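Novice: File follows, my_file26.txt with compact mmCIF, C-alpha atoms:
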```
# COMPACT_ATOMS: atom_id res chain seq x y z
CA MET W 1221 -253.10 129.79 -20.02
CA LYS W 1222 -252.93 128.53 -23.60
CA SER W 1223 -251.85 131.08 -26.16
CA MET W 1224 -254.14 132.08 -29.01
CA GLU W 1225 -251.67 130.46 -31.41
CA VAL W 1226 -252.04 127.16 -29.61
CA ILE W 1227 -255.82 127.36 -29.24
CA PHE W 1228 -256.43 128.15 -32.89
CA ALA W 1229 -253.50 126.35 -34.55
CA ARG W 1230 -255.69 123.56 -35.89
CA ASN W 1231 -258.95 124.95 -34.70
CA LYS W 1232 -260.26 127.16 -37.45
CA ILE W 1233 -263.85 127.05 -36.29
CA VAL W 1234 -265.39 128.93 -33.39
CA PRO W 1235 -268.84 127.46 -32.80
CA VAL W 1236 -271.12 130.25 -31.57
CA VAL W 1237 -273.45 128.59 -29.11
CA VAL W 1238 -276.79 129.76 -27.73
CA ILE W 1239 -277.59 127.35 -24.92
CA ASN W 1240 -279.84 127.57 -21.90
CA ASP W 1241 -280.11 123.90 -21.01
CA VAL W 1242 -277.34 123.12 -18.50
CA GLU W 1243 -277.94 119.39 -18.94
CA ALA W 1244 -276.92 119.71 -22.59
CA ALA W 1245 -273.60 121.43 -21.76
CA ILE W 1246 -271.36 118.39 -21.33
CA PRO W 1247 -272.87 116.29 -24.16
CA LEU W 1248 -272.51 119.31 -26.48
CA ALA W 1249 -268.86 119.85 -25.51
CA GLU W 1250 -268.14 116.15 -26.01
CA THR W 1251 -269.90 116.15 -29.38
CA LEU W 1252 -267.77 119.07 -30.55
CA LEU W 1253 -264.58 117.37 -29.38
CA ALA W 1254 -265.56 114.15 -31.12
CA ALA W 1255 -266.02 116.13 -34.34
CA GLY W 1256 -262.58 117.71 -33.98
CA ILE W 1257 -263.55 121.12 -32.59
CA ASN W 1258 -261.90 121.86 -29.26
CA ASN W 1259 -263.19 125.32 -28.46
CA MET W 1260 -266.67 126.77 -28.08
CA GLU W 1261 -268.04 130.27 -27.60
CA VAL W 1262 -271.00 130.23 -25.23
CA THR W 1263 -272.91 133.46 -25.69
CA LEU W 1264 -274.31 135.27 -22.68
CA ARG W 1265 -277.73 135.46 -24.30
CA THR W 1266 -279.46 132.99 -22.05
CA ALA W 1267 -280.13 132.89 -18.33
CA ASN W 1268 -277.97 129.80 -17.79
CA ALA W 1269 -275.04 130.64 -20.07
CA LEU W 1270 -272.65 131.23 -17.17
CA GLU W 1271 -273.65 127.95 -15.58
CA VAL W 1272 -272.96 126.18 -18.88
CA ILE W 1273 -269.50 127.78 -19.05
CA ARG W 1274 -268.81 126.70 -15.45
CA LYS W 1275 -269.92 123.16 -16.08
CA VAL W 1276 -267.84 122.70 -19.23
CA ALA W 1277 -264.80 124.36 -17.63
CA GLN W 1278 -264.97 121.99 -14.65
CA ASN W 1279 -265.90 118.77 -16.41
CA VAL W 1280 -264.41 118.84 -19.90
CA PRO W 1281 -260.78 119.94 -19.52
CA GLU W 1282 -259.88 119.29 -23.19
CA MET W 1283 -262.47 121.86 -24.28
CA VAL W 1284 -261.30 125.46 -24.53
CA ILE W 1285 -264.35 127.28 -23.25
CA GLY W 1286 -265.03 130.86 -24.30
CA ALA W 1287 -267.74 133.40 -23.53
CA GLY W 1288 -269.42 135.60 -26.12
CA THR W 1289 -271.84 138.55 -26.36
CA ILE W 1290 -269.92 140.27 -23.58
CA LEU W 1291 -271.32 143.79 -23.48
CA THR W 1292 -270.19 145.11 -20.12
CA VAL W 1293 -267.43 144.87 -17.53
CA GLU W 1294 -269.82 142.97 -15.31
CA HIS W 1295 -270.35 140.32 -18.02
CA PHE W 1296 -266.58 140.12 -18.45
CA LYS W 1297 -266.01 139.47 -14.75
CA GLN W 1298 -268.82 136.91 -14.53
CA ALA W 1299 -267.53 135.02 -17.57
CA GLN W 1300 -263.98 135.02 -16.27
CA ALA W 1301 -265.13 133.82 -12.85
CA ALA W 1302 -267.12 131.03 -14.51
CA GLY W 1303 -263.93 129.77 -16.12
CA ALA W 1304 -263.99 131.24 -19.63
CA GLU W 1305 -260.58 131.01 -21.30
CA TYR W 1306 -261.42 133.58 -23.94
CA ILE W 1307 -263.96 136.40 -23.92
CA ILE W 1308 -265.55 137.82 -27.07
CA SER W 1309 -267.54 141.05 -27.44
CA PRO W 1310 -269.65 142.15 -30.43
CA GLY W 1311 -268.15 145.66 -30.33
CA VAL W 1312 -265.47 147.60 -28.52
CA THR W 1313 -265.77 149.96 -25.60
CA GLN W 1314 -263.05 151.69 -23.64
CA GLU W 1315 -264.04 149.89 -20.44
CA LEU W 1316 -263.90 146.47 -22.09
CA PHE W 1317 -260.44 147.25 -23.48
CA GLU W 1318 -259.35 148.31 -19.99
CA ILE W 1319 -260.59 145.24 -18.18
CA GLY W 1320 -259.24 143.04 -20.97
CA LYS W 1321 -255.83 144.61 -20.50
CA ALA W 1322 -255.96 144.34 -16.72
CA ASN W 1323 -256.74 140.62 -16.98
CA ALA W 1324 -254.59 139.80 -19.99
CA GLU W 1325 -252.56 137.26 -18.03
CA GLN W 1326 -255.64 135.30 -17.02
CA VAL W 1327 -258.03 135.43 -19.96
CA ARG W 1328 -257.89 136.20 -23.68
CA PHE W 1329 -260.02 139.14 -24.79
CA ILE W 1330 -261.17 139.02 -28.42
CA PRO W 1331 -262.92 142.30 -29.24
CA GLY W 1332 -265.51 142.57 -32.00
CA ILE W 1333 -264.61 145.14 -34.65
CA CYS W 1334 -265.98 146.14 -38.05
CA SER W 1335 -263.85 149.09 -39.13
CA PRO W 1336 -260.14 149.82 -39.60
CA SER W 1337 -260.24 152.34 -36.72
CA GLN W 1338 -261.65 149.77 -34.36
CA ALA W 1339 -259.00 147.25 -35.45
CA MET W 1340 -256.35 149.88 -34.72
CA ASP W 1341 -257.86 150.52 -31.29
CA ALA W 1342 -257.57 146.80 -30.59
CA ALA W 1343 -253.96 146.75 -31.81
CA ASN W 1344 -253.14 149.70 -29.58
CA TYR W 1345 -254.35 147.66 -26.62
CA GLY W 1346 -252.00 144.89 -27.63
CA LEU W 1347 -254.73 142.69 -29.04
CA GLY W 1348 -253.78 140.84 -32.21
CA TYR W 1349 -256.84 138.57 -32.46
CA VAL W 1350 -260.16 140.23 -33.18
CA LYS W 1351 -263.59 139.11 -34.24
CA PHE W 1352 -264.98 140.82 -37.34
CA PHE W 1353 -268.68 141.26 -36.63
CA PRO W 1354 -271.09 141.25 -38.36
CA ALA W 1355 -269.14 139.75 -41.24
CA GLU W 1356 -271.51 139.13 -44.13
CA PRO W 1357 -273.55 142.39 -43.90
CA TYR W 1358 -270.26 144.33 -43.83
CA ASN W 1359 -268.57 142.59 -46.76
CA ALA W 1360 -265.97 141.37 -44.32
CA TYR W 1361 -264.16 139.26 -46.90
CA ASN W 1362 -263.13 142.34 -48.87
CA ILE W 1363 -262.37 144.39 -45.78
CA ILE W 1364 -260.26 141.71 -44.06
CA LYS W 1365 -258.37 141.19 -47.29
CA ALA W 1366 -257.74 144.91 -47.61
CA LEU W 1367 -256.55 145.20 -44.00
CA ALA W 1368 -253.83 142.55 -44.42
CA SER W 1369 -251.36 145.06 -45.75
CA PRO W 1370 -251.88 148.06 -43.42
CA LEU W 1371 -252.52 145.89 -40.32
CA PRO W 1372 -250.34 142.82 -40.85
CA HIS W 1373 -250.26 141.82 -37.17
CA ILE W 1374 -254.02 141.56 -36.74
CA LYS W 1375 -255.80 138.28 -37.25
CA PHE W 1376 -259.55 138.13 -37.73
CA CYS W 1377 -262.38 135.76 -36.98
CA PRO W 1378 -265.28 136.69 -39.29
CA THR W 1379 -268.60 135.98 -37.57
CA GLY W 1380 -272.18 136.86 -38.39
CA GLY W 1381 -273.82 135.36 -41.45
CA VAL W 1382 -270.88 132.99 -41.98
CA THR W 1383 -272.03 129.47 -42.83
CA ILE W 1384 -270.56 126.20 -44.11
CA GLU W 1385 -271.69 127.33 -47.57
CA ASN W 1386 -269.81 130.64 -47.62
CA MET W 1387 -266.91 130.07 -45.21
CA GLN W 1388 -264.38 128.79 -47.71
CA LYS W 1389 -263.53 132.21 -49.10
CA TYR W 1390 -262.71 133.41 -45.58
CA LEU W 1391 -260.56 130.36 -44.82
CA LEU W 1392 -258.35 131.21 -47.76
CA LEU W 1393 -257.45 134.62 -46.34
CA GLU W 1394 -254.03 134.70 -44.72
CA ASN W 1395 -255.05 136.97 -41.89
CA ILE W 1396 -257.90 135.03 -40.37
CA PHE W 1397 -257.41 132.81 -37.33
CA ALA W 1398 -260.84 131.15 -37.44
CA VAL W 1399 -264.41 131.57 -38.64
CA GLY W 1400 -267.38 131.89 -36.31
CA LEU W 1401 -270.23 129.51 -37.13
CA SER W 1402 -273.60 129.37 -35.42
CA SER W 1403 -275.47 127.10 -37.82
CA ILE W 1404 -273.48 123.98 -36.83
CA VAL W 1405 -274.69 124.33 -33.23
CA GLU W 1406 -278.14 125.69 -33.98
CA GLY W 1407 -280.19 126.48 -30.87
CA LYS W 1408 -283.10 124.23 -31.78
CA LEU W 1409 -280.77 121.24 -32.20
CA ILE W 1410 -279.34 121.83 -28.73
CA ALA W 1411 -282.82 122.25 -27.24
CA ALA W 1412 -283.85 118.96 -28.87
CA HIS W 1413 -280.62 117.24 -27.71
CA ASP W 1414 -280.00 116.27 -31.33
CA PHE W 1415 -276.28 115.70 -30.87
CA THR W 1416 -276.17 113.37 -33.86
CA GLU W 1417 -277.10 116.20 -36.23
CA ILE W 1418 -274.79 118.64 -34.43
CA ARG W 1419 -271.94 116.18 -34.83
CA ARG W 1420 -272.78 115.66 -38.49
CA ARG W 1421 -272.73 119.42 -39.19
CA CYS W 1422 -269.53 119.93 -37.20
CA GLU W 1423 -267.78 117.10 -39.01
CA GLU W 1424 -268.89 118.55 -42.33
CA ALA W 1425 -267.43 121.92 -41.35
CA VAL W 1426 -264.17 120.41 -40.08
CA ALA W 1427 -263.81 118.34 -43.25
CA LEU W 1428 -264.22 121.45 -45.37
CA VAL W 1429 -261.62 123.30 -43.30
CA ASN W 1430 -259.15 120.43 -43.61
CA GLN W 1431 -259.76 120.13 -47.32
CA THR W 1432 -259.44 123.88 -47.90
CA LEU W 1433 -256.31 124.32 -45.83
CA HIS W 1434 -254.82 120.91 -46.72
CA LEU W 1435 -254.65 119.96 -43.07
CA ASN W 1436 -254.69 116.33 -41.87
CA MET Y 240 -295.59 160.20 -21.92
CA ARG Y 241 -296.24 157.39 -24.36
CA THR Y 242 -293.68 154.65 -24.85
CA ILE Y 243 -291.82 154.66 -28.09
CA GLU Y 244 -293.60 151.45 -29.13
CA GLN Y 245 -296.97 153.13 -28.54
CA ILE Y 246 -295.91 156.09 -30.64
CA PHE Y 247 -294.86 153.98 -33.61
CA GLY Y 248 -297.81 151.65 -33.28
CA ALA Y 249 -298.37 148.18 -34.64
CA SER Y 250 -297.96 149.19 -38.30
CA LYS Y 251 -294.39 150.48 -37.69
CA ILE Y 252 -294.86 152.85 -40.65
CA VAL Y 253 -293.35 156.29 -40.10
CA PRO Y 254 -293.58 158.61 -43.11
CA GLY Y 255 -290.76 161.12 -43.26
CA ALA Y 256 -291.21 164.57 -44.76
CA VAL Y 257 -289.71 168.00 -45.21
CA LEU Y 258 -292.52 170.49 -44.56
CA GLU Y 259 -291.42 174.10 -44.59
CA ASP Y 260 -294.79 175.63 -45.42
CA GLN Y 261 -297.29 175.56 -42.56
CA LYS Y 262 -300.41 175.31 -44.69
CA VAL Y 263 -298.95 172.45 -46.68
CA ALA Y 264 -297.75 170.80 -43.46
CA LEU Y 265 -301.27 170.68 -42.08
CA ALA Y 266 -302.65 169.29 -45.32
CA VAL Y 267 -300.00 166.56 -45.46
CA ALA Y 268 -300.65 165.61 -41.82
CA GLY Y 269 -304.38 165.54 -42.60
CA ALA Y 270 -303.85 163.28 -45.61
CA LEU Y 271 -301.78 160.88 -43.50
CA LEU Y 272 -304.41 160.79 -40.76
CA GLU Y 273 -307.07 159.96 -43.34
CA ALA Y 274 -304.96 156.92 -44.23
CA ASP Y 275 -304.89 156.04 -40.52
CA VAL Y 276 -301.20 156.93 -40.20
CA LYS Y 277 -300.81 158.55 -36.81
CA VAL Y 278 -297.09 159.14 -36.69
CA MET Y 279 -294.71 161.13 -38.87
CA ALA Y 280 -291.15 162.43 -38.77
CA LEU Y 281 -290.35 165.97 -39.89
CA ARG Y 282 -286.82 166.65 -40.97
CA LEU Y 283 -285.60 169.79 -39.28
CA LEU Y 284 -284.15 172.09 -41.87
CA SER Y 285 -285.02 175.52 -40.53
CA ARG Y 286 -287.24 177.42 -38.12
CA ASN Y 287 -290.08 176.79 -40.57
CA SER Y 288 -289.80 173.05 -39.95
CA LEU Y 289 -290.16 173.73 -36.24
CA LYS Y 290 -293.21 175.88 -36.86
CA SER Y 291 -294.77 173.11 -38.94
CA LEU Y 292 -294.05 170.60 -36.19
CA GLU Y 293 -295.63 172.85 -33.59
CA LEU Y 294 -298.68 173.55 -35.72
CA ILE Y 295 -299.42 169.92 -36.62
CA THR Y 296 -299.06 168.92 -32.96
CA LYS Y 297 -301.51 171.66 -31.98
CA GLU Y 298 -304.08 171.07 -34.72
CA PHE Y 299 -303.89 167.28 -34.77
CA PRO Y 300 -303.18 166.08 -31.23
CA GLU Y 301 -303.70 162.47 -32.37
CA MET Y 302 -300.74 162.78 -34.74
CA MET Y 303 -297.44 161.84 -33.09
CA VAL Y 304 -294.92 164.14 -34.72
CA GLY Y 305 -291.21 163.52 -34.36
CA ALA Y 306 -288.18 165.46 -35.53
CA SER Y 307 -285.46 163.87 -37.61
CA GLY Y 308 -282.06 165.00 -38.77
CA VAL Y 309 -281.27 166.62 -35.42
CA MET Y 310 -277.55 167.31 -35.23
CA ASP Y 311 -276.79 168.98 -31.93
CA ALA Y 312 -278.01 169.99 -28.47
CA ALA Y 313 -279.63 173.21 -29.71
CA GLY Y 314 -281.59 171.33 -32.35
CA PHE Y 315 -282.67 168.80 -29.75
CA LEU Y 316 -283.86 171.51 -27.39
CA ASN Y 317 -285.77 173.34 -30.12
CA ALA Y 318 -287.45 170.18 -31.34
CA SER Y 319 -288.53 169.11 -27.87
CA ILE Y 320 -289.88 172.58 -27.08
CA ALA Y 321 -291.81 172.53 -30.36
CA GLY Y 322 -293.48 169.34 -29.13
CA ALA Y 323 -291.60 166.56 -30.92
CA LYS Y 324 -292.58 163.19 -29.43
CA PHE Y 325 -289.40 161.58 -30.68
CA ILE Y 326 -286.15 162.99 -31.94
CA SER Y 327 -283.75 161.17 -34.19
CA SER Y 328 -280.26 161.97 -35.38
CA PRO Y 329 -278.20 160.45 -38.18
CA GLY Y 330 -275.43 159.45 -35.76
CA CYS Y 331 -274.66 159.46 -32.07
CA THR Y 332 -272.60 162.09 -30.29
CA SER Y 333 -272.09 162.67 -26.57
CA GLU Y 334 -273.56 166.18 -26.96
CA LEU Y 335 -276.84 164.65 -28.17
CA PHE Y 336 -276.83 162.03 -25.42
CA THR Y 337 -276.49 164.80 -22.84
CA ALA Y 338 -279.25 166.86 -24.43
CA ALA Y 339 -281.51 163.81 -24.54
CA ARG Y 340 -280.88 163.13 -20.86
CA THR Y 341 -281.88 166.62 -19.82
CA ARG Y 342 -285.10 166.44 -21.87
CA TYR Y 343 -285.96 162.79 -21.26
CA ASN Y 344 -289.43 163.70 -19.99
CA ASP Y 345 -290.35 165.41 -23.25
CA ALA Y 346 -289.10 163.35 -26.15
CA HIS Y 347 -287.64 159.94 -26.91
CA PHE Y 348 -284.20 160.08 -28.44
CA LEU Y 349 -283.35 157.70 -31.28
CA PRO Y 350 -279.66 157.98 -32.06
CA GLY Y 351 -278.44 156.71 -35.41
CA VAL Y 352 -276.15 153.67 -35.31
CA LEU Y 353 -274.38 151.37 -37.73
CA THR Y 354 -271.77 149.33 -35.91
CA PRO Y 355 -272.06 146.91 -32.98
CA THR Y 356 -269.78 149.24 -31.04
CA GLN Y 357 -272.31 152.06 -31.50
CA VAL Y 358 -275.17 149.79 -30.45
CA MET Y 359 -273.24 148.99 -27.28
CA GLU Y 360 -272.51 152.67 -26.61
CA VAL Y 361 -276.18 153.54 -26.96
CA MET Y 362 -277.28 150.69 -24.71
CA THR Y 363 -274.71 151.67 -22.09
CA ARG Y 364 -276.55 154.97 -21.89
CA GLY Y 365 -279.79 153.23 -21.11
CA ILE Y 366 -281.29 153.70 -24.59
CA GLU Y 367 -282.67 150.53 -26.14
CA VAL Y 368 -284.32 151.97 -29.24
CA MET Y 369 -282.14 153.37 -32.01
CA ASN Y 370 -282.16 153.99 -35.75
CA ILE Y 371 -280.05 152.07 -38.20
CA PHE Y 372 -279.06 154.69 -40.76
CA PRO Y 373 -278.53 154.62 -43.71
CA ALA Y 374 -280.45 151.37 -43.92
CA GLU Y 375 -280.73 150.57 -47.62
CA ALA Y 376 -277.23 151.78 -48.45
CA LEU Y 377 -275.52 149.58 -45.86
CA ASN Y 378 -277.37 146.28 -45.71
CA GLY Y 379 -279.64 147.53 -42.93
CA TYR Y 380 -281.85 144.48 -43.15
CA GLU Y 381 -278.96 142.10 -42.57
CA LEU Y 382 -277.59 144.32 -39.81
CA ALA Y 383 -280.90 144.46 -37.94
CA LYS Y 384 -281.26 140.72 -38.27
CA THR Y 385 -277.76 140.01 -36.98
CA TYR Y 386 -278.08 142.58 -34.20
CA GLY Y 387 -281.27 140.87 -33.09
CA TYR Y 388 -279.10 137.89 -32.38
CA ALA Y 389 -276.27 139.76 -30.65
CA PHE Y 390 -278.38 142.38 -28.85
CA PRO Y 391 -281.71 140.77 -27.98
CA GLU Y 392 -282.78 143.80 -25.94
CA ALA Y 393 -282.18 146.41 -28.63
CA LYS Y 394 -285.02 147.67 -30.84
CA PHE Y 395 -284.45 149.42 -34.14
CA GLY Y 396 -285.96 152.03 -36.38
CA MET Y 397 -284.86 151.67 -39.99
CA VAL Y 398 -284.08 154.90 -41.84
CA GLY Y 399 -282.64 155.73 -45.23
CA GLY Y 400 -283.73 154.81 -48.73
CA ILE Y 401 -286.82 152.87 -47.68
CA ASN Y 402 -289.85 152.97 -49.96
CA LEU Y 403 -293.07 151.08 -50.60
CA VAL Y 404 -291.23 148.52 -52.70
CA ASN Y 405 -288.42 147.56 -50.32
CA MET Y 406 -290.03 148.16 -46.92
CA GLU Y 407 -291.70 144.80 -46.41
CA LYS Y 408 -288.59 142.91 -45.35
CA TYR Y 409 -287.95 145.40 -42.53
CA LEU Y 410 -291.51 145.13 -41.24
CA GLU Y 411 -291.04 141.39 -40.83
CA LEU Y 412 -288.22 141.71 -38.29
CA SER Y 413 -289.49 141.48 -34.73
CA ASN Y 414 -286.77 143.78 -33.37
CA VAL Y 415 -287.69 146.54 -35.84
CA ILE Y 416 -290.32 148.83 -34.35
CA ALA Y 417 -290.30 151.66 -36.90
CA VAL Y 418 -289.72 151.90 -40.62
CA SER Y 419 -289.16 155.38 -41.94
CA VAL Y 420 -290.69 155.51 -45.40
CA ALA Y 421 -289.47 158.53 -47.33
CA SER Y 422 -291.50 157.96 -50.49
CA ILE Y 423 -294.98 158.41 -48.96
CA ALA Y 424 -294.74 162.19 -48.59
CA GLU Y 425 -291.73 162.72 -50.82
CA SER Y 426 -290.69 166.25 -51.68
CA ALA Y 427 -291.94 166.12 -55.28
CA LEU Y 428 -295.47 165.32 -54.09
CA VAL Y 429 -295.33 167.93 -51.34
CA ALA Y 430 -294.17 170.55 -53.83
CA LYS Y 431 -297.14 169.71 -56.10
CA CYS Y 432 -299.54 169.71 -53.13
CA ASP Y 433 -300.61 166.25 -54.32
CA TYR Y 434 -302.29 165.22 -51.06
CA LEU Y 435 -304.39 162.58 -52.79
CA GLU Y 436 -301.30 160.70 -53.93
CA ILE Y 437 -299.72 161.11 -50.47
CA ARG Y 438 -302.84 159.62 -48.95
CA ARG Y 439 -302.89 156.81 -51.51
CA ARG Y 440 -299.29 155.89 -50.78
CA ALA Y 441 -299.91 156.05 -47.03
CA GLU Y 442 -302.87 153.70 -47.46
CA GLU Y 443 -300.78 151.34 -49.55
CA ALA Y 444 -298.06 151.32 -46.89
CA MET Y 445 -300.61 150.58 -44.19
CA SER Y 446 -302.14 147.73 -46.12
CA ILE Y 447 -298.70 146.18 -46.74
CA ALA Y 448 -298.00 146.54 -43.02
CA LYS Y 449 -301.26 144.85 -42.12
CA ILE Y 450 -300.51 141.86 -44.34
CA VAL Y 451 -297.02 141.51 -42.85
CA LEU Y 452 -298.37 141.89 -39.32
CA VAL Y 453 -300.89 139.09 -39.82
CA GLY Y 454 -298.19 136.93 -41.39
CA THR Y 455 -295.74 137.34 -38.53
CA GLN Y 456 -298.25 137.05 -35.70
CA GLY Y 457 -297.64 134.01 -33.60
CA LEU Y 458 -294.14 133.51 -34.96
CA ALA Y 459 -291.37 133.27 -32.43
CA SER Y 460 -289.36 136.43 -31.98
CA ASN Y 461 -286.26 134.35 -32.58
CA ILE Y 462 -284.69 135.73 -35.72
CA ILE Y 463 -281.33 134.03 -35.59
```
Output the file's structure as structure tokens, nothing else.

Specialist:
Amino acid sequence: MKSMEVIFARNKIVPVVVINDVEAAIPLAETLLAAGINNMEVTLRTANALEVIRKVAQNVPEMVIGAGTILTVEHFKQAQAAGAEYIISPGVTQELFEIGKANAEQVRFIPGICSPSQAMDAANYGLGYVKFFPAEPYNAYNIIKALASPLPHIKFCPTGGVTIENMQKYLLLENIFAVGLSSIVEGKLIAAHDFTEIRRRCEEAVALVNQTLHLN
Amino acid sequence: MRTIEQIFGASKIVPGAVLEDQKVALAVAGALLEADVKVMALRLLSRNSLKSLELITKEFPEMMVGASGVMDAAGFLNASIAGAKFISSPGCTSELFTAARTRYNDAHFLPGVLTPTQVMEVMTRGIEVMNIFPAEALNGYELAKTYGYAFPEAKFGMVGGINLVNMEKYLELSNVIAVSVASIAESALVAKCDYLEIRRRAEEAMSIAKIVLVGTQGLASNII
């Protein structure tokens, strides 16, 4: 299993994908890779999400496939069985922490938090990478910045209302590991198989990351 | 028992009020009914609030009266015995969840939530309708919109600081089924027994709701 450090070392974008069309799974994964994004969070919000995860996991080995919108232990198990390498939840429950801990050697659990207490809960379960959700409605920029000093070991991925237009401020924070973006993989573009536009948006986002963080 | 969607109706408008005087309570309920508002939430402050709730329910069976500001199991029990069709609390505690479970045949429980973790807790308990409180103070519109994306099955009531001026945006969200409007029967009007103005504001709220409803009809429920 790849470590979080390795997965997100150059990968500062987590595309948050809503996809039901299994036929679009592999072309989407390949489009993301071509644009320089080698992970994707497939949310369990559609009937075929698990099938999409399975297909990408089996056919596109360079893609780090993750599962999102995990609300229950059952979702967690299904996503893991489908081949998800990381599992993201919008919030935190005791039972998700427990199953995340029990499976920590096999899959990375990234809990969704939006308060200092919830971040501490995650830290107490040994989790150093958390999603901050929903970011924009909660003024996540200010909160994440403020948490750097009391919780120096926690790294955040602000998601929810984060776009290419407003992501730069987050990228400049020391304690983020990525930003979650849904607009670059908008559902209607996937449904229309408009991989050209998806690639254009992804490349735009990657270019902005590289420029902001002086990568290359 | 009616579903919670039936109780709130298509307009989604739920006037909130504190009605400690029974005579005034009946007059306020009457003014709302004249404006075609058939649902209201009474904040439970004392035994008088319960009496008002009971009386309105008895005199105006077409009015769906709920209780708001319920803090504990005793309050829940009292409100459901008084005939509350729905019961809301500012937050969510396991005591209230237990009380709601024992009285599930009598009243719908709308716990108050803010964070995704709380939404998940509520849904784990089989409750899919909840209030986002305090809505105006904490970006409730943005929260409801984002939660529509993360929790497609959850439905929300919006409570806290909502008035005729800022309510429209909430009405537009397809996962919002109730908007608690405090300014329709606000305390100053109740104290002055200004039922005409209460009725006027209720009518204004209903006409705003109608315009929004027509505007959003036929639109996809996708609010990503």

Novice: Based on all atoms listed in the file, which of the residues in chain Y come within 6 Å of chain W? I want them as an MDAnalysis selection string.

Specialist: chainID Y and resid 355:356 378 381

Novice: Write out as a VMD selection string each polymer residue whose atoms come within 10 Å of Ile243 in chain Y, counting all atoms listed in the file; drop sequence neighbours fewer than 4 positions from it.

Specialist: chain Y and resid 247 to 248 324 to 325 346 to 349 368 416 to 417

Novice: Selection from above, C-alpha atoms, as a PDB file, keeping the file's coordinate frame, can you write it?

Specialist:
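out_29.pdb was written with the following content:
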```pdb
ATOM      1  CA  PHE Y 247    -294.860 153.980 -33.610  1.00  0.00           C
ATOM      2  CA  GLY Y 248    -297.810 151.650 -33.280  1.00  0.00           C
ATOM      3  CA  LYS Y 324    -292.580 163.190 -29.430  1.00  0.00           C
ATOM      4  CA  PHE Y 325    -289.400 161.580 -30.680  1.00  0.00           C
ATOM      5  CA  ALA Y 346    -289.100 163.350 -26.150  1.00  0.00           C
ATOM      6  CA  HIS Y 347    -287.640 159.940 -26.910  1.00  0.00           C
ATOM      7  CA  PHE Y 348    -284.200 160.080 -28.440  1.00  0.00           C
ATOM      8  CA  LEU Y 349    -283.350 157.700 -31.280  1.00  0.00           C
ATOM      9  CA  VAL Y 368    -284.320 151.970 -29.240  1.00  0.00           C
ATOM     10  CA  ILE Y 416    -290.320 148.830 -34.350  1.00  0.00           C
ATOM     11  CA  ALA Y 417    -290.300 151.660 -36.900  1.00  0.00           C
TER      12      ALA Y 417
END
```

Novice: Just the residues within 10 Å of Val1405 in chain W, please, counting only C-alpha atoms, with nothing from its chain fewer than 4 positions along; format it as number ranges by chain.

Specialist: W: 1235-1239, 1248, 1252, 1260, 1401, 1409-1410, 1414-1415, 1417-1419, 1421-1422

Novice: So what do you get for CA of Gly400 in chain Y versus CA of Val253 in chain Y, distance-wise?

Specialist: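 Going from CA of Gly400 in chain Y over to CA of Val253 in chain Y covers 13.0 Å.
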
Novice: List the neighbours of Ile320 in chain Y out to 9 Å using only C-alpha atoms; skip same-chain residues closer than 4 positions along the sequence, and give me the result as an MDAnalysis selection string.

Specialist: chainID Y and resid 293 315:316 345

Novice: Considering only C-alpha atoms, can you say which of Y:Met359, Y:Ile252, Y:Leu271, Y:Val304 comes closest to Met406 in chain Y?

Specialist: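 Among the listed residues, the smallest separation from Met406 in chain Y belongs to Y:Ile252.
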
Novice: Which residues are near range 337-342 of chain Y? Cut-off 12 Å, only C-alpha atoms, ignore same chain within fewer than 5 positions. Put them as a count of residues only.

Specialist: 29

Novice: Please identify all polymer residues within 9 Å of Ala249 in chain Y, counting all atoms listed in the file, omitting same-chain residues fewer than 5 positions from it, and present them as a ChimeraX atom specification.

Specialist: /Y:244,416,448-449,452

Novice: Kindly indicate which residue among W:Met1224, W:Ile1233, W:Ile1404, W:Ala1244 lies nearest to Val1429 in chain W, using all atoms listed in the file for the distances.

Specialist: W:Ile1233

Novice: So how many Å separate CA of Gly255 in chain Y and CA of Ala374 in chain Y, to one decimal?

Specialist: 14.2 Å

Novice: Quick one, how far is CA of Glu1318 in chain W from CA of Ser1369 in chain W?

Specialist: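 The value is 27.2 Å.
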
Novice: Could I get the residues of range 328-381 of chain Y with an atom no further than 12 Å from an atom of range 418-436 of chain Y, each paired with its nearest atom pair and that distance in Å to one decimal, using all atoms listed in the file, sorted by chain and residue number, as JSON lines?

Specialist:
```
{"residue": "Y:Met369", "atom": "CA", "partner": "Y:Val418", "partner_atom": "CA", "distance": 11.6}
{"residue": "Y:Asn370", "atom": "CA", "partner": "Y:Val418", "partner_atom": "CA", "distance": 9.2}
{"residue": "Y:Ile371", "atom": "CA", "partner": "Y:Val418", "partner_atom": "CA", "distance": 10.0}
{"residue": "Y:Phe372", "atom": "CA", "partner": "Y:Ser419", "partner_atom": "CA", "distance": 10.2}
{"residue": "Y:Pro373", "atom": "CA", "partner": "Y:Ser419", "partner_atom": "CA", "distance": 10.8}
{"residue": "Y:Ala374", "atom": "CA", "partner": "Y:Ser419", "partner_atom": "CA", "distance": 9.8}
{"residue": "Y:Glu375", "atom": "CA", "partner": "Y:Ser419", "partner_atom": "CA", "distance": 11.2}
{"residue": "Y:Gly379", "atom": "CA", "partner": "Y:Val418", "partner_atom": "CA", "distance": 11.2}
{"residue": "Y:Tyr380", "atom": "CA", "partner": "Y:Val418", "partner_atom": "CA", "distance": 11.1}
```

Novice: Give the padded box for range 345-364 of chain Y as AutoDock Vina command-line options: axis-aligned, covering all atoms listed in the file, 3 Å on each side, centre and edge lengths in Å to one decimal.

Specialist:
```
--center_x -280.1 --center_y 156.2 --center_z -29.8 --size_x 26.6 --size_y 24.5 --size_z 21.8
```
